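Notes follow once the structure below has been shown.
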Amino acid sequence: MAQLANFIRQTRHLPTPLLVIDPGKVGENICRVQQALPQAKVFYALKCNTNRAVIEAVRQANAGFEIASLSEAELLVQLGVPAEQIVCLHPIKAAHFLRFLHRHRINVLAADSLAELDKLAEHAPGSRVVLRVSVSNAGSVVLLTGKFGVEPNEVVSLFQQARLRELIPHGLTIHVGSQCERVATWVEALAVCRELFREAERNGFEMKLLSLGGGLPAPYANSSITLEEIGAAIQSELRRMELSPDCAVSIEPGRSVVANAGTLIATVVGLAERASGRWAYLDAGVYHGLFEACEAGGGIPFSISVEHPDRPSHIYNIGGPTCDSFDMPFQQRSLPELRVGDRLAIHAVGAYSTELSSTFNGFPVPVVYSSEEVSL
Ligand SMILES: Cc1ncc(COP(=O)(O)O)c(C=O)c1O
């Protein structure tokens, strides 16, 4: 708790909202994933948080990057990240993005449709194709089913189509949904991959990559499982798969790498007592770093610490600064009494926070600092 109070005290001179990133935590989290799954190469999903201190910590931990867009690719190339440390497992890519990837020899690319194979063949010829297979997202906080993924019974024919286009069938990728806390979902997804690897190999395709995707859970206050427990279950399924020695395994975690490395500091800018209860309004809300606190974003119950924990507690609804009624990150939270000008620290907000922020209503997005910059 003392360290949490530090966050507020040591950033008191800076305007809010702000996000403090602890790069040491990023390194520790990658190390935890590497220990939980020693046979998998880690590619950090950059979309989660593109802050330079995060990128540096990922590089120092010898992990690679999973990217989804041209600007992410440009950033990494500009920073000198080698092509073999970059994969693009987003199954839908614009033509100009594919041309950039091809030019820079970033050639492990996902697809999940015939139309995407056509684009790959035209704009990134000879690429290594990793098919994204549709798997259950049961037990995940943010679901990705429906939008992406080829049905298992279409995998072999898509590999055949890839080969006809002179692309290289390379492997499979899955995504069990973000913050997946149900071990059985991982196990079932790997059982699907096991069958598909056998079928692909029976049909003459050599599988060189099994990509486990994102989904590893971050340790939020209400988390029911650790990534070590999931790692143990994945390892036992990998043993059952009996992968050939030249088939690599990768994992592309985002949230579990960076969530608990980020702390958002916000200021109370307004208070009200209404028929609906006691309200406190902050200068950061759903559009300013707290998208995932609202129901549409997954309703993650981020923990909050306050500047004056000794005051009597009340039940608060917490509103963001904008005029939008959707901008209510927290409801019915018990907190020590808040006064205008007080600062709050909201914890484990390093993932999908500032990357999803906007200046809606003219309110500024949180400025991101590394903990070294604010001497924490
Ligand atoms: C292709 C891909 N890989 C990895 C990730 C990271 O997922 P997570 O943050 O759940 O680890 C995502 C996130 O959407 C993704 O789309």
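FYI, nothing fancy with the structure tokens labels: chains A, B, ... in order, residues from 1 per chain, ligands from 1 as they appear.
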Could you tell me, counting only C-alpha atoms and all ligand atoms, which protein and nucleic acid residues lie no more than 10 Å from ligand 1, written as a short mmCIF file (atom, residue, chain, number, x, y, z; two decimals) with N, CA, C and O atoms, in the first residue's frame?
data_model
loop_
_atom_site.label_atom_id
_atom_site.label_comp_id
_atom_site.auth_asym_id
_atom_site.auth_seq_id
_atom_site.Cartn_x
_atom_site.Cartn_y
_atom_site.Cartn_z
N PHE A 43 6.52 -13.64 -28.37
CA PHE A 43 6.41 -12.44 -29.21
C PHE A 43 5.38 -11.54 -28.53
O PHE A 43 4.19 -11.90 -28.50
N TYR A 44 5.82 -10.42 -27.99
CA TYR A 44 4.90 -9.51 -27.28
C TYR A 44 3.94 -8.85 -28.28
O TYR A 44 4.39 -8.32 -29.32
N ALA A 45 2.64 -8.87 -27.98
CA ALA A 45 1.63 -8.26 -28.87
C ALA A 45 1.66 -6.74 -28.67
O ALA A 45 1.09 -6.20 -27.70
N LEU A 46 2.30 -6.06 -29.60
CA LEU A 46 2.61 -4.64 -29.45
C LEU A 46 1.38 -3.75 -29.31
O LEU A 46 1.45 -2.68 -28.70
N LYS A 47 0.24 -4.19 -29.89
CA LYS A 47 -0.97 -3.36 -29.85
C LYS A 47 -1.37 -2.97 -28.43
O LYS A 47 -2.02 -1.97 -28.21
N CYS A 48 -0.98 -3.81 -27.47
CA CYS A 48 -1.38 -3.62 -26.08
C CYS A 48 -0.84 -2.34 -25.48
O CYS A 48 -1.53 -1.65 -24.72
N ASN A 49 0.40 -2.03 -25.81
CA ASN A 49 1.04 -0.81 -25.31
C ASN A 49 2.32 -0.58 -26.11
O ASN A 49 3.23 -1.41 -26.06
N PHE A 65 8.22 -9.53 -31.27
CA PHE A 65 7.01 -8.70 -31.30
C PHE A 65 6.00 -9.29 -32.27
O PHE A 65 6.36 -9.74 -33.37
N GLU A 66 4.73 -9.23 -31.87
CA GLU A 66 3.63 -9.57 -32.78
C GLU A 66 2.96 -8.26 -33.15
O GLU A 66 2.63 -7.47 -32.27
N ILE A 67 2.78 -8.03 -34.46
CA ILE A 67 2.25 -6.73 -34.89
C ILE A 67 0.99 -6.89 -35.72
O ILE A 67 0.71 -7.98 -36.25
N ALA A 68 0.27 -5.78 -35.86
CA ALA A 68 -1.00 -5.83 -36.59
C ALA A 68 -1.12 -4.73 -37.65
O ALA A 68 -2.06 -4.77 -38.44
N VAL A 87 6.53 -11.07 -36.01
CA VAL A 87 5.53 -11.86 -36.74
C VAL A 87 4.26 -11.02 -36.82
O VAL A 87 4.01 -10.17 -35.97
N CYS A 88 3.48 -11.27 -37.86
CA CYS A 88 2.20 -10.58 -37.97
C CYS A 88 1.10 -11.63 -38.02
O CYS A 88 0.92 -12.29 -39.04
N LEU A 89 0.39 -11.79 -36.90
CA LEU A 89 -0.62 -12.84 -36.83
C LEU A 89 -2.04 -12.29 -36.89
O LEU A 89 -3.01 -12.99 -36.60
N HIS A 90 -2.14 -11.03 -37.29
CA HIS A 90 -3.45 -10.45 -37.54
C HIS A 90 -3.90 -10.97 -38.91
O HIS A 90 -3.20 -10.78 -39.90
N PRO A 91 -5.06 -11.62 -38.99
CA PRO A 91 -5.38 -12.28 -40.26
C PRO A 91 -5.85 -11.35 -41.38
O PRO A 91 -6.04 -11.83 -42.50
N ALA A 110 -0.23 -14.36 -40.80
CA ALA A 110 -1.47 -15.14 -40.62
C ALA A 110 -2.46 -14.85 -41.75
O ALA A 110 -2.41 -13.80 -42.39
N ARG A 132 -5.10 -19.02 -39.07
CA ARG A 132 -5.76 -18.78 -37.78
C ARG A 132 -7.01 -19.67 -37.73
O ARG A 132 -7.92 -19.51 -38.54
N SER A 140 -13.25 -16.38 -21.37
CA SER A 140 -12.42 -15.21 -21.61
C SER A 140 -13.20 -13.93 -21.33
O SER A 140 -14.42 -13.89 -21.50
N VAL A 141 -12.48 -12.89 -20.94
CA VAL A 141 -13.14 -11.61 -20.64
C VAL A 141 -13.46 -10.85 -21.94
O VAL A 141 -14.51 -10.24 -22.07
N VAL A 142 -12.55 -10.90 -22.90
CA VAL A 142 -12.79 -10.23 -24.19
C VAL A 142 -12.81 -11.30 -25.27
O VAL A 142 -11.81 -11.97 -25.52
N LEU A 143 -13.99 -11.47 -25.89
CA LEU A 143 -14.17 -12.57 -26.86
C LEU A 143 -13.76 -12.14 -28.26
O LEU A 143 -13.99 -11.01 -28.67
N LEU A 144 -13.16 -13.08 -29.00
CA LEU A 144 -12.73 -12.78 -30.37
C LEU A 144 -13.36 -13.74 -31.38
O LEU A 144 -12.99 -13.75 -32.55
N PHE A 148 -12.84 -13.63 -36.46
CA PHE A 148 -11.67 -14.23 -37.10
C PHE A 148 -11.70 -15.74 -36.99
O PHE A 148 -12.31 -16.29 -36.08
N THR A 173 -2.25 -20.88 -35.97
CA THR A 173 -2.31 -19.98 -34.83
C THR A 173 -3.74 -19.99 -34.29
O THR A 173 -4.70 -20.22 -35.04
N ILE A 174 -3.86 -19.75 -32.98
CA ILE A 174 -5.18 -19.71 -32.34
C ILE A 174 -5.25 -18.45 -31.48
O ILE A 174 -4.23 -17.80 -31.23
N HIS A 175 -6.45 -18.09 -31.05
CA HIS A 175 -6.60 -17.07 -29.99
C HIS A 175 -7.81 -17.48 -29.16
O HIS A 175 -8.93 -17.49 -29.67
N VAL A 176 -7.56 -17.81 -27.90
CA VAL A 176 -8.65 -18.30 -27.04
C VAL A 176 -9.45 -17.16 -26.41
O VAL A 176 -10.32 -17.40 -25.56
N GLY A 177 -9.18 -15.91 -26.84
CA GLY A 177 -9.86 -14.75 -26.25
C GLY A 177 -8.96 -14.15 -25.20
O GLY A 177 -8.10 -14.82 -24.63
N SER A 178 -9.13 -12.85 -24.95
CA SER A 178 -8.20 -12.19 -24.03
C SER A 178 -8.62 -12.40 -22.58
O SER A 178 -9.81 -12.42 -22.26
N GLN A 179 -7.61 -12.55 -21.71
CA GLN A 179 -7.83 -12.86 -20.30
C GLN A 179 -8.64 -14.16 -20.18
O GLN A 179 -9.71 -14.21 -19.59
N CYS A 180 -8.09 -15.22 -20.76
CA CYS A 180 -8.78 -16.51 -20.73
C CYS A 180 -8.38 -17.26 -19.46
O CYS A 180 -7.25 -17.70 -19.31
N SER A 211 1.46 -21.57 -33.12
CA SER A 211 1.42 -20.29 -32.40
C SER A 211 0.21 -20.30 -31.46
O SER A 211 -0.92 -20.52 -31.89
N LEU A 212 0.49 -20.07 -30.18
CA LEU A 212 -0.57 -20.19 -29.16
C LEU A 212 -1.37 -18.91 -28.97
O LEU A 212 -2.32 -18.88 -28.19
N GLY A 213 -0.97 -17.83 -29.65
CA GLY A 213 -1.74 -16.59 -29.63
C GLY A 213 -1.65 -15.84 -28.32
O GLY A 213 -0.72 -16.02 -27.52
N GLY A 214 -2.66 -14.97 -28.10
CA GLY A 214 -2.73 -14.21 -26.83
C GLY A 214 -3.60 -14.97 -25.85
O GLY A 214 -3.80 -16.18 -25.99
N GLY A 215 -4.11 -14.24 -24.85
CA GLY A 215 -5.07 -14.85 -23.94
C GLY A 215 -4.56 -15.15 -22.55
O GLY A 215 -5.35 -15.35 -21.62
N LEU A 216 -3.23 -15.20 -22.37
CA LEU A 216 -2.73 -15.49 -21.01
C LEU A 216 -3.25 -14.41 -20.06
O LEU A 216 -3.17 -13.22 -20.37
N PRO A 217 -3.76 -14.81 -18.89
CA PRO A 217 -4.38 -13.82 -18.01
C PRO A 217 -3.38 -12.97 -17.24
O PRO A 217 -2.31 -13.43 -16.85
N ALA A 218 -3.76 -11.71 -17.05
CA ALA A 218 -3.01 -10.81 -16.16
C ALA A 218 -3.55 -11.00 -14.74
O ALA A 218 -4.71 -11.38 -14.57
N ILE A 251 4.26 -18.02 -28.52
CA ILE A 251 3.09 -17.47 -27.81
C ILE A 251 3.19 -15.96 -27.93
O ILE A 251 4.29 -15.41 -27.96
N GLU A 252 2.04 -15.29 -28.05
CA GLU A 252 2.05 -13.85 -28.34
C GLU A 252 1.26 -13.09 -27.28
O GLU A 252 0.20 -12.51 -27.56
N PRO A 253 1.73 -13.07 -26.05
CA PRO A 253 0.98 -12.42 -24.98
C PRO A 253 1.06 -10.89 -25.07
O PRO A 253 2.09 -10.34 -25.46
N GLY A 254 -0.03 -10.23 -24.73
CA GLY A 254 -0.03 -8.77 -24.64
C GLY A 254 -0.35 -8.37 -23.21
O GLY A 254 0.50 -7.94 -22.42
N ARG A 255 -1.60 -8.61 -22.85
CA ARG A 255 -2.13 -8.22 -21.54
C ARG A 255 -1.27 -8.73 -20.38
O ARG A 255 -0.96 -7.98 -19.46
N SER A 256 -0.89 -10.01 -20.42
CA SER A 256 -0.18 -10.58 -19.27
C SER A 256 1.23 -10.00 -19.15
O SER A 256 1.86 -10.11 -18.10
N VAL A 257 1.73 -9.38 -20.22
CA VAL A 257 3.06 -8.78 -20.17
C VAL A 257 3.01 -7.37 -19.57
O VAL A 257 3.90 -6.97 -18.81
N VAL A 258 1.95 -6.64 -19.89
CA VAL A 258 2.04 -5.20 -19.60
C VAL A 258 0.95 -4.67 -18.66
O VAL A 258 1.08 -3.55 -18.14
N ALA A 259 -0.11 -5.46 -18.40
CA ALA A 259 -1.23 -4.91 -17.60
C ALA A 259 -0.76 -4.41 -16.24
O ALA A 259 -0.96 -3.24 -15.89
N ALA A 351 -2.48 -2.37 -20.04
CA ALA A 351 -2.84 -3.01 -21.31
C ALA A 351 -4.11 -2.40 -21.89
O ALA A 351 -5.07 -2.14 -21.15
N TYR A 352 -4.13 -2.21 -23.19
CA TYR A 352 -5.33 -1.71 -23.89
C TYR A 352 -5.93 -0.50 -23.17
O TYR A 352 -7.15 -0.42 -22.97
#
Any chance you could tabulate, as a tab-separated table, the residues of region 47-129 of chain A at most 12 Å from region 360-371 of chain A with each one's nearest atom pair and distance in Å to one decimal, using only C-alpha atoms, in chain and rising number order?
residue	atom	partner	partner_atom	distance
A:Asn49	CA	A:Val368	CA	10.2
A:Thr50	CA	A:Val368	CA	10.3
A:Asn51	CA	A:Val368	CA	7.5
A:Arg52	CA	A:Ser370	CA	8.8
A:Ala53	CA	A:Ser370	CA	6.3
A:Val54	CA	A:Ser370	CA	8.5
A:Ile55	CA	A:Ser370	CA	11.5
A:Glu56	CA	A:Ser370	CA	11.1
A:Ala57	CA	A:Ser370	CA	11.0
C-alpha atoms of the current selection, written as a CSV table (one decimal), in the first residue's frame:
chain,number,residue,atom,x,y,z
A,49,ASN,CA,1.0,-0.8,-25.3
A,50,THR,CA,3.5,0.8,-27.7
A,51,ASN,CA,5.4,2.9,-25.2
A,52,ARG,CA,9.1,3.0,-25.9
A,53,ALA,CA,10.1,1.8,-22.4
A,54,VAL,CA,7.9,-1.2,-22.9
A,55,ILE,CA,9.5,-2.0,-26.2
A,56,GLU,CA,13.0,-1.7,-24.7
A,57,ALA,CA,12.1,-4.0,-21.8
ask   = Can you tell me, as a list in words, what residues are no more than 12 Å from Arg12 (chain A) when counting only C-alpha atoms, ignoring any on the same chain fewer than 6 positions away?
value =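 Here the qualifying residues turn out to be Ala5, Asn6, Leu18, Ile265, Ala266, Thr267, Glu307, Gly341, Asp342, Arg343, Leu344, Ala345 and Val374 of chain A.
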ask   = Out of region 178-356 of chain A, which residues get helix (DSSP H, G or I) from DSSP, as a ChimeraX atom specification?
value = /A:183-202,227-241,255-261,291-293,295-297,354-356
query = Met241 (chain A): which residues within 10 Å, counting only C-alpha atoms, same-chain residues fewer than 4 positions away excluded, as number ranges by chain?
reply = A: 190-191, 193-195, 197-198, 235-237
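Nearest-residue note for Glu84 (chain A): choosing from A:Gly350, A:Gly64, A:Gly277, A:Gly126, the minimum distance belongs to A:Gly64, counting only C-alpha atoms.
Interatomic distance, CA of Ala95 (chain A) to CA of Lys119 (chain A): 6.8 Å.
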inquiry  = Residues within 9 Å of region 279-294 of chain A, please, as number ranges by chain. Count only C-alpha atoms; anything in the same chain fewer than 4 positions from it doesn't count.
reply    = A: 16-19, 264-274, 298-302, 315-322, 326-330, 338-340, 343-344, 349-350, 352-360, 363-366
request  = Report the residues of region 15-245 of chain A whose backbone DSSP state falls under strand (DSSP E or B), written as a VMD selection string.
outcome  = chain A and resid 18 to 21 40 to 45 64 to 66 86 to 88 108 to 111 128 to 133 140 to 142 145 148 150 168 to 173 178 to 180 209 to 211
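Picture a line from CA of Glu373 (chain A) to CA of Asp22 (chain A); it runs 10.0 Å.
Considering only C-alpha atoms, the residue among A:Ser113, A:Asn222, A:Gln331, A:Thr11 positioned nearest to Phe159 (chain A) is A:Ser113.
Minimum atom-to-atom distance to Leu117 (chain A), evaluated using only C-alpha atoms, belongs to A:Leu167 out of A:Leu172, A:Val133, A:Ala138, A:Leu167.
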